[in-house]
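Asks: The file below is query.txt, compact mmCIF, C-alpha atoms and all ligand atoms:
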```
# COMPACT_ATOMS: atom_id res chain seq x y z
CA MET J 1 5.43 -28.21 8.83
CA SER J 2 6.61 -28.16 5.25
CA LEU J 3 4.68 -26.17 2.69
CA ALA J 4 2.96 -27.59 -0.37
CA PRO J 5 4.84 -26.96 -3.64
CA TYR J 6 2.10 -24.55 -4.75
CA ALA J 7 2.25 -22.57 -1.49
CA CYS J 8 4.04 -19.23 -1.72
CA SER J 9 7.21 -19.40 0.33
CA ASP J 10 9.93 -16.74 0.63
CA ILE J 11 11.81 -18.13 -2.34
CA HIS J 12 8.79 -17.53 -4.60
CA THR J 13 8.21 -13.89 -3.67
CA ARG J 14 8.36 -11.33 -6.44
CA GLY J 15 9.69 -8.99 -3.82
CA ARG J 16 9.02 -5.43 -2.73
CA ARG J 17 8.72 -2.26 -4.77
CA HIS J 18 11.69 -0.80 -2.90
CA PRO J 19 14.26 -3.59 -2.48
CA GLU J 20 15.25 -4.32 1.11
CA PRO J 21 17.66 -6.78 2.75
CA LYS J 22 16.03 -10.02 3.91
CA PRO J 23 14.76 -9.93 7.49
CA ALA J 24 17.13 -11.69 9.90
CA TYR J 25 14.78 -13.69 12.10
CA ARG J 26 11.48 -13.54 10.28
CA SER J 27 10.08 -14.62 6.95
CA GLU J 28 9.25 -11.94 4.37
CA PHE J 29 5.56 -12.44 5.05
CA GLN J 30 5.95 -12.26 8.82
CA ARG J 31 7.55 -8.89 8.23
CA ASP J 32 4.54 -7.84 6.14
CA ARG J 33 2.18 -8.95 8.89
CA ASP J 34 4.16 -7.09 11.55
CA ARG J 35 4.16 -3.87 9.54
CA ILE J 36 0.41 -4.13 9.09
CA ILE J 37 -0.20 -4.63 12.82
CA HIS J 38 1.92 -1.55 13.64
CA SER J 39 0.14 0.71 11.14
CA ALA J 40 -2.22 3.52 12.10
CA ALA J 41 -4.76 2.24 9.55
CA PHE J 42 -4.91 -1.08 11.40
CA ARG J 43 -5.59 0.59 14.75
CA ARG J 44 -8.38 2.63 13.20
CA LEU J 45 -10.24 -0.56 12.26
CA GLU J 46 -11.29 -0.71 15.91
CA TYR J 47 -13.66 2.20 15.38
CA LYS J 48 -14.96 1.32 11.94
CA THR J 49 -17.95 -0.87 11.22
CA GLN J 50 -19.35 -3.02 8.45
CA VAL J 51 -23.10 -2.97 8.98
CA PHE J 52 -23.73 -1.20 12.24
CA VAL J 53 -22.32 2.15 13.28
CA ASN J 54 -19.57 2.01 15.85
CA HIS J 55 -21.42 3.61 18.75
CA GLU J 56 -24.42 1.30 18.49
CA GLY J 57 -23.19 -1.38 20.86
CA ASP J 58 -20.06 -2.75 22.41
CA LEU J 59 -20.80 -6.33 21.44
CA PHE J 60 -20.99 -5.84 17.70
CA ARG J 61 -18.14 -6.69 15.41
CA THR J 62 -15.91 -3.88 14.33
CA ARG J 63 -13.62 -4.09 11.34
CA LEU J 64 -10.79 -4.90 13.71
CA THR J 65 -12.50 -7.89 15.31
CA HIS J 66 -13.76 -8.92 11.88
CA SER J 67 -10.21 -8.85 10.49
CA ILE J 68 -8.96 -10.94 13.43
CA GLU J 69 -11.76 -13.47 12.82
CA VAL J 70 -10.87 -13.61 9.13
CA ALA J 71 -7.21 -14.18 10.04
CA GLN J 72 -8.15 -16.98 12.44
CA ILE J 73 -10.34 -18.77 9.91
CA ALA J 74 -7.88 -18.24 7.07
CA ARG J 75 -4.89 -19.50 9.08
CA SER J 76 -6.71 -22.71 10.03
CA ILE J 77 -7.49 -23.38 6.39
CA ALA J 78 -3.97 -22.45 5.25
CA ARG J 79 -2.39 -24.79 7.74
CA SER J 80 -4.54 -27.74 6.81
CA LEU J 81 -3.84 -27.21 3.09
CA ALA J 82 -0.09 -26.68 3.75
CA LEU J 83 -0.30 -23.14 2.37
CA ASN J 84 1.75 -20.26 3.74
CA GLU J 85 0.14 -19.25 7.03
CA ASP J 86 2.19 -16.06 7.43
CA LEU J 87 1.23 -14.72 4.02
CA THR J 88 -2.39 -15.72 4.65
CA GLU J 89 -2.41 -13.87 7.96
CA ALA J 90 -0.84 -10.75 6.45
CA ILE J 91 -3.46 -10.58 3.71
CA ALA J 92 -6.30 -11.21 6.16
CA LEU J 93 -5.20 -8.49 8.58
CA ALA J 94 -4.76 -5.98 5.73
CA HIS J 95 -7.81 -6.83 3.66
CA ASP J 96 -10.08 -4.10 5.07
CA LEU J 97 -7.55 -1.31 5.71
CA GLY J 98 -8.98 0.95 3.01
CA HIS J 99 -12.56 0.92 4.17
CA THR J 100 -14.33 4.21 4.77
CA PRO J 101 -16.25 4.94 7.95
CA PHE J 102 -19.86 3.63 8.05
CA GLY J 103 -19.37 0.44 6.07
CA HIS J 104 -20.76 0.06 2.58
CA ALA J 105 -22.99 3.12 2.82
CA GLY J 106 -19.86 5.20 3.46
CA GLN J 107 -18.00 3.68 0.53
CA ASP J 108 -20.94 4.25 -1.86
CA ALA J 109 -21.24 7.85 -0.72
CA LEU J 110 -17.53 8.54 -1.20
CA ASN J 111 -17.59 6.80 -4.57
CA GLY J 112 -20.42 9.16 -5.57
CA CYS J 113 -18.40 12.20 -4.46
CA MET J 114 -15.43 10.93 -6.50
CA LYS J 115 -17.35 10.02 -9.67
CA ASP J 116 -15.67 12.69 -11.80
CA TYR J 117 -12.24 11.89 -10.36
CA GLY J 118 -11.77 8.17 -10.88
CA GLY J 119 -14.25 6.96 -8.22
CA PHE J 120 -13.53 5.37 -4.88
CA GLU J 121 -13.10 1.65 -4.30
CA HIS J 122 -12.10 0.18 -0.94
CA ASN J 123 -9.79 -2.49 -2.40
CA LEU J 124 -7.79 0.08 -4.26
CA GLN J 125 -7.80 2.28 -1.18
CA SER J 126 -6.37 -0.58 0.92
CA LEU J 127 -3.56 -0.74 -1.60
CA ARG J 128 -3.08 3.04 -1.39
CA VAL J 129 -2.81 2.75 2.37
CA VAL J 130 -0.09 0.10 2.26
CA ASP J 131 1.73 1.56 -0.78
CA LEU J 132 1.51 5.25 -0.04
CA LEU J 133 -0.48 6.66 2.83
CA GLU J 134 1.16 5.14 5.91
CA GLU J 135 4.10 7.36 6.87
CA ARG J 136 6.26 5.27 9.18
CA TYR J 137 9.47 4.37 7.39
CA ALA J 138 12.48 6.47 6.48
CA GLU J 139 13.33 4.72 3.24
CA PHE J 140 9.98 4.42 1.46
CA PRO J 141 6.39 5.64 1.52
CA GLY J 142 3.74 3.24 2.80
CA MET J 143 4.74 -0.15 4.20
CA ASN J 144 6.59 -1.55 1.18
CA LEU J 145 4.85 -4.94 1.40
CA THR J 146 5.63 -7.92 -0.82
CA PHE J 147 3.95 -8.40 -4.17
CA GLU J 148 2.01 -11.40 -2.81
CA THR J 149 0.45 -9.54 0.12
CA ARG J 150 -0.48 -6.67 -2.20
CA GLU J 151 -1.89 -9.17 -4.71
CA GLY J 152 -4.09 -10.59 -1.95
CA ILE J 153 -5.33 -7.16 -0.89
CA LEU J 154 -6.41 -6.26 -4.43
CA LYS J 155 -9.41 -8.54 -4.83
CA HIS J 156 -11.14 -6.69 -7.64
CA CYS J 157 -10.04 -4.04 -10.07
CA SER J 158 -11.49 -2.40 -13.16
CA PRO J 159 -9.47 -2.81 -16.39
CA ALA J 160 -8.74 0.94 -16.43
CA ASN J 161 -7.28 0.87 -12.93
CA ALA J 162 -5.51 -2.43 -13.62
CA ARG J 163 -3.60 -0.82 -16.52
CA GLU J 164 -2.21 1.79 -14.17
CA LEU J 165 -1.04 -0.78 -11.62
CA GLY J 166 1.50 -2.54 -13.84
CA GLU J 167 2.49 -6.05 -12.73
CA LEU J 168 -0.02 -6.09 -9.90
CA GLY J 169 -2.93 -5.24 -12.19
CA GLN J 170 -1.93 -7.62 -14.98
CA ARG J 171 -4.04 -10.54 -13.78
CA PHE J 172 -7.23 -8.52 -14.18
CA LEU J 173 -6.33 -7.93 -17.83
CA ASP J 174 -5.18 -11.52 -18.41
CA LYS J 175 -8.11 -12.87 -16.40
CA THR J 176 -5.91 -15.17 -14.34
CA TRP J 177 -6.18 -15.91 -10.62
CA PRO J 178 -4.19 -14.76 -7.61
CA GLY J 179 -2.14 -17.23 -5.53
CA ALA J 180 -3.83 -19.81 -3.31
CA GLU J 181 -3.35 -17.78 -0.12
CA ALA J 182 -5.15 -14.79 -1.64
CA GLN J 183 -8.01 -16.98 -2.89
CA LEU J 184 -8.46 -18.48 0.51
CA VAL J 185 -8.53 -15.19 2.45
CA ASN J 186 -11.29 -13.99 0.14
CA LEU J 187 -13.45 -16.96 1.13
CA ALA J 188 -12.47 -16.79 4.81
CA ASP J 189 -13.72 -13.18 4.70
CA GLU J 190 -17.07 -14.42 3.40
CA ILE J 191 -17.34 -17.15 6.02
CA ALA J 192 -16.54 -14.65 8.77
CA TYR J 193 -19.02 -11.94 7.83
CA ASN J 194 -21.93 -14.14 6.81
CA ASN J 195 -21.84 -15.89 10.14
CA HIS J 196 -21.03 -12.99 12.42
CA ASP J 197 -23.71 -10.90 10.77
CA VAL J 198 -26.23 -13.60 11.70
CA ASP J 199 -24.92 -13.41 15.26
CA ASP J 200 -24.99 -9.60 15.45
CA GLY J 201 -28.33 -9.39 13.63
CA LEU J 202 -29.99 -11.80 16.07
CA ARG J 203 -28.49 -10.06 19.08
CA TYR J 204 -29.68 -6.69 17.85
CA GLY J 205 -33.16 -8.10 17.18
CA LEU J 206 -33.04 -7.20 13.47
CA ILE J 207 -33.19 -10.78 12.21
CA ASP J 208 -36.38 -12.75 12.67
CA PHE J 209 -35.50 -16.14 14.10
CA ASP J 210 -38.31 -18.04 12.36
CA ALA J 211 -37.38 -16.56 8.99
CA LEU J 212 -33.75 -17.54 9.58
CA ARG J 213 -34.82 -21.13 10.09
CA GLU J 214 -35.89 -21.21 6.44
CA ILE J 215 -32.20 -20.98 5.58
CA SER J 216 -30.75 -24.47 5.31
CA LEU J 217 -27.23 -23.61 6.52
CA PHE J 218 -28.68 -22.35 9.78
CA ASP J 219 -31.55 -24.80 10.15
CA ALA J 220 -29.51 -27.98 9.67
CA GLN J 221 -27.11 -26.99 12.45
CA TYR J 222 -29.86 -25.69 14.71
CA ARG J 223 -31.77 -28.98 14.48
CA GLU J 224 -28.67 -30.90 15.44
CA VAL J 225 -28.00 -28.63 18.41
CA GLU J 226 -31.61 -29.01 19.55
CA SER J 227 -31.48 -32.78 19.38
CA LEU J 228 -28.13 -32.96 21.20
CA TYR J 229 -28.88 -30.32 23.83
CA PRO J 230 -32.67 -29.98 24.17
CA GLY J 231 -32.55 -28.13 27.51
CA LEU J 232 -29.90 -25.58 26.49
CA GLY J 233 -30.81 -21.89 26.85
CA ARG J 234 -31.65 -19.99 23.68
CA ARG J 235 -28.53 -17.83 23.60
CA ARG J 236 -26.15 -20.75 23.91
CA LYS J 237 -28.17 -22.71 21.36
CA ILE J 238 -27.72 -19.90 18.86
CA HIS J 239 -24.02 -19.53 19.54
CA GLU J 240 -23.50 -23.27 19.29
CA THR J 241 -25.38 -23.23 15.98
CA ILE J 242 -23.27 -20.39 14.55
CA ARG J 243 -20.06 -22.06 15.72
CA ARG J 244 -21.12 -25.20 13.87
CA MET J 245 -22.05 -23.19 10.77
CA VAL J 246 -18.56 -21.68 10.64
CA ASN J 247 -16.98 -25.05 11.19
CA SER J 248 -19.02 -26.80 8.50
CA GLN J 249 -18.12 -24.13 5.93
CA VAL J 250 -14.44 -24.27 6.87
CA VAL J 251 -14.37 -28.06 6.66
CA GLY J 252 -16.34 -27.99 3.39
CA LEU J 253 -13.90 -25.49 1.92
CA ILE J 254 -10.84 -27.47 3.01
CA GLU J 255 -12.16 -30.75 1.63
CA ASN J 256 -13.33 -29.37 -1.69
CA SER J 257 -10.13 -27.36 -2.20
CA ARG J 258 -8.00 -30.38 -1.38
CA ARG J 259 -9.79 -32.35 -4.11
CA ARG J 260 -9.21 -29.57 -6.61
CA LEU J 261 -5.56 -29.15 -5.65
CA ASP J 262 -5.00 -32.90 -6.03
CA ALA J 263 -6.69 -32.91 -9.42
CA LEU J 264 -4.63 -29.93 -10.62
CA GLY J 265 -1.29 -31.36 -9.45
CA ALA J 266 0.24 -27.87 -9.24
CA SER J 267 4.00 -27.76 -8.69
CA CYS J 268 4.47 -24.03 -8.01
CA PRO J 269 2.38 -20.95 -7.07
CA ASP J 270 2.13 -19.84 -10.71
CA ASP J 271 0.31 -23.09 -11.59
CA ILE J 272 -2.45 -21.92 -9.23
CA ARG J 273 -2.51 -18.49 -10.88
CA SER J 274 -2.88 -19.93 -14.37
CA ALA J 275 -5.26 -22.79 -13.47
CA GLY J 276 -8.15 -21.23 -15.42
CA GLU J 277 -10.52 -21.41 -12.44
CA ALA J 278 -10.42 -20.86 -8.71
CA VAL J 279 -8.64 -23.69 -6.94
CA ILE J 280 -9.66 -22.72 -3.42
CA ALA J 281 -13.43 -22.99 -3.66
CA PHE J 282 -16.63 -24.24 -2.04
CA SER J 283 -18.45 -27.14 -3.65
CA ASP J 284 -21.37 -26.09 -5.87
CA GLU J 285 -23.83 -27.36 -3.29
CA LEU J 286 -22.27 -25.44 -0.39
CA ARG J 287 -21.90 -22.33 -2.57
CA GLU J 288 -25.68 -22.43 -3.28
CA GLN J 289 -26.44 -22.66 0.43
CA ILE J 290 -24.12 -19.77 1.19
CA LEU J 291 -25.77 -17.69 -1.54
CA ALA J 292 -29.16 -18.34 0.05
CA LEU J 293 -27.81 -17.09 3.38
CA LYS J 294 -26.35 -13.99 1.69
CA ARG J 295 -29.67 -13.21 -0.01
CA PHE J 296 -31.41 -13.59 3.32
CA LEU J 297 -28.95 -11.24 5.04
CA ARG J 298 -29.32 -8.65 2.31
CA GLU J 299 -33.08 -8.48 2.75
CA ALA J 300 -33.38 -9.07 6.48
CA LEU J 301 -30.36 -7.17 7.74
CA TYR J 302 -28.59 -4.89 5.27
CA ASN J 303 -31.93 -3.57 4.01
CA HIS J 304 -33.61 -3.48 7.41
CA TYR J 305 -35.26 -0.10 7.86
CA GLN J 306 -33.19 0.70 10.95
CA VAL J 307 -29.95 -0.06 9.10
CA ARG J 308 -31.11 1.99 6.11
CA ARG J 309 -31.92 4.95 8.33
CA MET J 310 -28.44 4.84 9.80
CA SER J 311 -26.99 4.53 6.29
CA LEU J 312 -28.89 7.63 5.18
CA LYS J 313 -27.28 9.65 7.96
CA SER J 314 -23.84 8.24 7.11
CA VAL J 315 -24.22 9.21 3.46
CA SER J 316 -25.11 12.74 4.37
CA VAL J 317 -22.14 13.06 6.76
CA ILE J 318 -19.70 11.88 4.07
CA ARG J 319 -21.18 14.05 1.33
CA ARG J 320 -21.25 17.19 3.43
CA LEU J 321 -17.68 16.70 4.62
CA PHE J 322 -16.43 16.11 1.09
CA GLN J 323 -18.26 19.12 -0.35
CA ALA J 324 -17.13 21.46 2.41
CA PHE J 325 -13.47 20.47 2.02
CA PHE J 326 -13.63 20.54 -1.74
CA ASP J 327 -15.12 24.04 -1.75
CA ASP J 328 -12.61 25.37 0.76
CA ILE J 329 -9.45 23.39 1.35
CA ARG J 330 -8.49 25.77 4.16
CA LEU J 331 -10.97 23.81 6.32
CA LEU J 332 -8.66 20.80 6.11
CA PRO J 333 -5.97 19.97 8.68
CA PRO J 334 -2.68 21.58 7.54
CA GLN J 335 -0.95 18.39 6.35
CA TYR J 336 -3.74 17.78 3.82
CA GLN J 337 -3.55 21.38 2.65
CA GLU J 338 0.17 20.82 2.07
CA THR J 339 -0.49 17.69 0.03
CA ILE J 340 -2.99 19.59 -2.08
CA ALA J 341 -0.57 22.50 -2.50
CA ALA J 342 1.92 20.00 -3.94
CA CYS J 343 -0.60 18.84 -6.59
CA GLN J 344 0.35 19.94 -10.10
CA GLU J 345 -0.59 23.53 -10.83
CA GLY J 346 -3.86 24.19 -12.69
CA GLY J 347 -6.12 22.07 -14.85
CA ASP J 348 -8.17 18.92 -14.31
CA ALA J 349 -5.26 16.96 -12.86
CA ALA J 350 -4.93 19.40 -9.96
CA GLU J 351 -8.65 19.18 -9.28
CA ALA J 352 -8.52 15.36 -9.31
CA CYS J 353 -5.52 15.45 -6.97
CA ARG J 354 -7.42 17.71 -4.58
CA ALA J 355 -10.43 15.37 -4.65
CA ARG J 356 -8.22 12.31 -4.07
CA THR J 357 -6.50 13.92 -1.10
CA ILE J 358 -9.87 14.74 0.47
CA ALA J 359 -11.05 11.18 -0.20
CA ASP J 360 -7.91 9.85 1.52
CA TYR J 361 -8.65 12.02 4.54
CA ILE J 362 -12.31 10.97 4.74
CA ALA J 363 -11.60 7.28 4.06
CA GLY J 364 -9.10 7.26 6.91
CA MET J 365 -11.68 8.54 9.41
CA THR J 366 -13.26 6.23 11.96
CA ASP J 367 -17.04 6.34 12.37
CA ARG J 368 -16.84 8.47 15.48
CA TYR J 369 -14.19 10.80 14.05
CA ALA J 370 -16.35 11.44 10.99
CA ILE J 371 -19.36 12.20 13.18
CA ARG J 372 -17.29 14.58 15.30
CA GLU J 373 -15.72 16.27 12.30
CA HIS J 374 -19.21 16.76 10.88
CA GLU J 375 -20.32 18.33 14.16
CA ARG J 376 -17.26 20.61 14.28
CA LEU J 377 -18.01 21.89 10.79
CA PHE J 378 -21.77 22.18 10.87
CA PHE J 379 -22.98 22.47 14.47
CA PRO J 380 -22.52 26.08 15.62
CA ASP J 381 -22.35 25.15 19.31
CA ILE J 382 -19.46 22.69 18.81
CA GLY J 383 -15.94 24.17 18.82
CA GLY J 384 -13.75 23.77 15.74
MG MG J 401 -13.78 -8.14 5.19
```
Please express the file's structure as structure tokens.
Ligand code: MG
Replies:
Amino acid sequence: MSLAPYACSDIHTRGRRHPEPKPAYRSEFQRDRDRIIHSAAFRRLEYKTQVFVNHEGDLFRTRLTHSIEVAQIARSIARSLALNEDLTEAIALAHDLGHTPFGHAGQDALNGCMKDYGGFEHNLQSLRVVDLLEERYAEFPGMNLTFETREGILKHCSPANARELGELGQRFLDKTWPGAEAQLVNLADEIAYNNHDVDDGLRYGLIDFDALREISLFDAQYREVESLYPGLGRRRKIHETIRRMVNSQVVGLIENSRRRLDALGASCPDDIRSAGEAVIAFSDELREQILALKRFLREALYNHYQVRRMSLKSVSVIRRLFQAFFDDIRLLPPQYQETIAACQEGGDAAEACRARTIADYIAGMTDRYAIREHERLFFPDIGG
């Protein structure tokens, strides 16, 4: 299928930081995707969570299954809008690589530990993973991905950080938009987690079914399922409802974006970047309904007392690990000690470099690795 003129094809790429010959039998963005799939950071997503902690149940989403769901949703949308499916897939599979263990509680805790050293932000960390931290290739650090995949990974960025990122950070200073593929993965991410959190929350018994029926996105689909399949068991009714919720948001996004793309008449990817507003977008009405679902999830699920109790424990694990390593770097595995030894001698810069190295180590941990590392350091009956 031919791509739309505003889709990013190989000829539009701004290339890689370390120039490489073109791949022989793949597109540039297929190569990005393949590098992401073969990275250690990607494999670790299997044991990292968003809301729940990894050991809580085998049926819950992990960041790996979440990323695969995002890629599936995003590719469907890309294909129907004639956008670049390979680039879309690469961004989707990489979008969560920089997440800490224990979901948002973990990120907030690590950000707190790093407050005097530039903070910690998962988007920037995803970029650090692909630009620097993966050690797999002889010729360059990181994965040396294309500009467009990196642009898609970096969803938000403070002006201060943007200034340090050069070309990649420029859009945050100019207040322009990323390419269409990046815009769409961002929304596919939202569709995936809003809906699978409803699914996981119901299964775990944290979401009250009657309260959920107050939410129009859910209720409209549930009513339809009930009228079509009145005798269906509860579990299948819920799954059928969630399936329809995902579908209606995907279809809504495709149709609204198609209208906007037609109206804009873009002839190249840069027309999308400079359009002045998002081109891939939900209608105002659908956006309102999605916001109502997000508000509901925040109260019912993310702030549920059982989730908050787990978050409290996660925060204390992260803080204690960070403090212990910061106070005595000889507790770190040797390769991290070597990185710290290579930090510039003396002064604040060396201290910031030490903190950043420890943050890299902690951010790379899976939930279960962090729990075990915490036990090894603080539980006298567990061997080091
Ligand atoms: Mg995500």
Asks: Residues at most 9 Å from ligand MG 401 (chain J), using all atoms listed in the file? Could they come as a compact mmCIF listing (two decimals) with C-alpha atoms, in the coordinates of the input?
Replies:
```txt
# COMPACT_ATOMS: atom_id res chain seq x y z
CA GLN J 50 -19.35 -3.02 8.45
CA ARG J 63 -13.62 -4.09 11.34
CA HIS J 66 -13.76 -8.92 11.88
CA SER J 67 -10.21 -8.85 10.49
CA VAL J 70 -10.87 -13.61 9.13
CA ALA J 92 -6.30 -11.21 6.16
CA HIS J 95 -7.81 -6.83 3.66
CA ASP J 96 -10.08 -4.10 5.07
CA ASN J 186 -11.29 -13.99 0.14
CA ALA J 188 -12.47 -16.79 4.81
CA ASP J 189 -13.72 -13.18 4.70
CA GLU J 190 -17.07 -14.42 3.40
CA ALA J 192 -16.54 -14.65 8.77
CA TYR J 193 -19.02 -11.94 7.83
```
Asks: Restrict the calculation to only C-alpha atoms, then for each residue of segment 124-187 of chain J with any atom at most 6 Å from an atom of segment 12-30 of chain J give the closest atom pair and their distance in Å to one decimal, rows by chain and rising residue number, as CSV.
Replies:
```
residue,atom,partner,partner_atom,distance
J:Leu145,CA,J:Arg16,CA,5.9
J:Thr146,CA,J:Arg16,CA,4.6
J:Phe147,CA,J:Arg14,CA,5.8
```
Asks: Need the shell around Val198 of chain J: protein/DNA/RNA residues with any atom at most 9 Å away, counting only C-alpha atoms. Skip same-chain ones fewer than 5 positions apart. Format as number ranges by chain?
Replies: J: 193, 203, 207, 212, 242, 297, 301
Asks: Any idea what's packed within 7 Å of segment 361-374 of chain J, counting all atoms listed in the file, ignoring anything in its chain fewer than 2 positions away? Could you give it as a list in words?
Replies: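 In the requested form, the answer reads Arg44, Tyr47, Lys48, Val53, Asn54, Gly98, His99, Thr100, Pro101, Phe102, Val317, Leu321, Thr357, Ile358, Ala359, Arg376, Leu377 and Phe378 of chain J.
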Asks: Could you turn the residues from that selection into a file that holds C-alpha atoms, as a PDB file, in the frame of the given file?
Replies:
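Saved file part.pdb follows:
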```pdb
ATOM      1  CA  ARG J  44      -8.380   2.630  13.200  1.00  0.00           C
ATOM      2  CA  TYR J  47     -13.660   2.200  15.380  1.00  0.00           C
ATOM      3  CA  LYS J  48     -14.960   1.320  11.940  1.00  0.00           C
ATOM      4  CA  VAL J  53     -22.320   2.150  13.280  1.00  0.00           C
ATOM      5  CA  ASN J  54     -19.570   2.010  15.850  1.00  0.00           C
ATOM      6  CA  GLY J  98      -8.980   0.950   3.010  1.00  0.00           C
ATOM      7  CA  HIS J  99     -12.560   0.920   4.170  1.00  0.00           C
ATOM      8  CA  THR J 100     -14.330   4.210   4.770  1.00  0.00           C
ATOM      9  CA  PRO J 101     -16.250   4.940   7.950  1.00  0.00           C
ATOM     10  CA  PHE J 102     -19.860   3.630   8.050  1.00  0.00           C
ATOM     11  CA  VAL J 317     -22.140  13.060   6.760  1.00  0.00           C
ATOM     12  CA  LEU J 321     -17.680  16.700   4.620  1.00  0.00           C
ATOM     13  CA  THR J 357      -6.500  13.920  -1.100  1.00  0.00           C
ATOM     14  CA  ILE J 358      -9.870  14.740   0.470  1.00  0.00           C
ATOM     15  CA  ALA J 359     -11.050  11.180  -0.200  1.00  0.00           C
ATOM     16  CA  ARG J 376     -17.260  20.610  14.280  1.00  0.00           C
ATOM     17  CA  LEU J 377     -18.010  21.890  10.790  1.00  0.00           C
ATOM     18  CA  PHE J 378     -21.770  22.180  10.870  1.00  0.00           C
TER      19      PHE J 378
END
```
Asks: At most 12 Å is the cut-off: for each residue in segment 238-274 of chain J with any atom that close to an atom of segment 162-172 of chain J, write down the nearest atom pair and the distance in Å rounded to one decimal, counting only C-alpha atoms, chain first then increasing number, as a tab-separated table.
Replies:
```
residue	atom	partner	partner_atom	distance
J:Asp270	CA	J:Arg171	CA	11.6
J:Arg273	CA	J:Arg171	CA	8.6
J:Ser274	CA	J:Arg171	CA	9.5
```
Asks: Taking into account all atoms listed in the file, which residue in the set J:Ala355, J:Leu154, J:Ala82, J:Ala211 is nearest to Ile340 of chain J?
Replies: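 Of all the options, J:Ala355 lies closest to Ile340 of chain J.
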Asks: So which one's closest to Ile215 of chain J, J:Asp199, J:Glu338, J:Glu288, J:Glu135? Using all atoms listed in the file, please.
Replies: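 Of J:Asp199, J:Glu338, J:Glu288, J:Glu135, the one nearest Ile215 of chain J, counting all atoms listed in the file, is J:Glu288.
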Asks: With distances taken over all atoms listed in the file, which of J:Arg354, J:His156, J:Lys313, J:Arg213 is nearest to Ala341 of chain J?
Replies: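 Of the candidates, the smallest distance to Ala341 of chain J is held by J:Arg354.
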Asks: Pick out the closest residue to Gly201 of chain J from this set: J:Ala160, J:Ala78, J:Cys343, J:Val307. Count only C-alpha atoms.
Replies: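 Closest to Gly201 of chain J, using only C-alpha atoms: J:Val307.
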Asks: Which distance in Å separates atom CA of Ser311 of chain J and atom CA of Asn111 of chain J, to one decimal?
Replies: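 So the two atoms, atom CA of Ser311 of chain J and atom CA of Asn111 of chain J, lie 14.5 Å apart.
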Asks: Residues near Leu291 of chain J, anyone? I mean within 12 Å using all atoms listed in the file, not counting same-chain ones fewer than 4 positions away, as a ChimeraX atom specification.
Replies: /J:190-191,194,215-217,282,284-287,295-298
Asks: Which value, in Å to one decimal, gives the distance between atom CA of Asp34 of chain J and atom CA of Leu87 of chain J?
Replies: 11.1 Å
Asks: With all atoms listed in the file as the basis for distance, which of J:Arg31, J:Thr88, J:Leu81, J:Arg320 is at the shortest distance from Val251 of chain J?
Replies: J:Leu81
Asks: Can you pull out the residues contacting segment 103-108 of chain J? Cut-off 8 Å, using all atoms listed in the file, and skip same-chain residues under 5 positions away; I want them as a list of chain:residue names.
Replies: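 Returned residues: J:Lys48, J:Thr49, J:Gln50, J:Val51, J:Phe52, J:Val53, J:Phe120, J:Glu121, J:His122, J:Ser311, J:Leu312, J:Ser314, J:Val315, J:Ile318.
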Asks: How far is it from atom CA of Val250 of chain J to atom CA of Ile91 of chain J, in Å with one decimal?
Replies: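 It comes out at 17.8 Å.
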Asks: Report as JSON, numbers by chain all protein, DNA and RNA residues lying within 12 Å of segment 83-86 of chain J, evaluated on all atoms listed in the file, omitting residues in the same chain fewer than 2 positions from it.
Replies: {"J": [1, 2, 3, 4, 5, 6, 7, 8, 9, 10, 11, 12, 13, 26, 27, 28, 29, 30, 31, 32, 33, 34, 71, 72, 73, 74, 75, 76, 77, 78, 79, 80, 81, 88, 89, 90, 91, 92, 93, 148, 149, 179, 180, 181, 182, 183, 184, 185, 254, 257, 258, 261, 268, 269, 272, 280]}
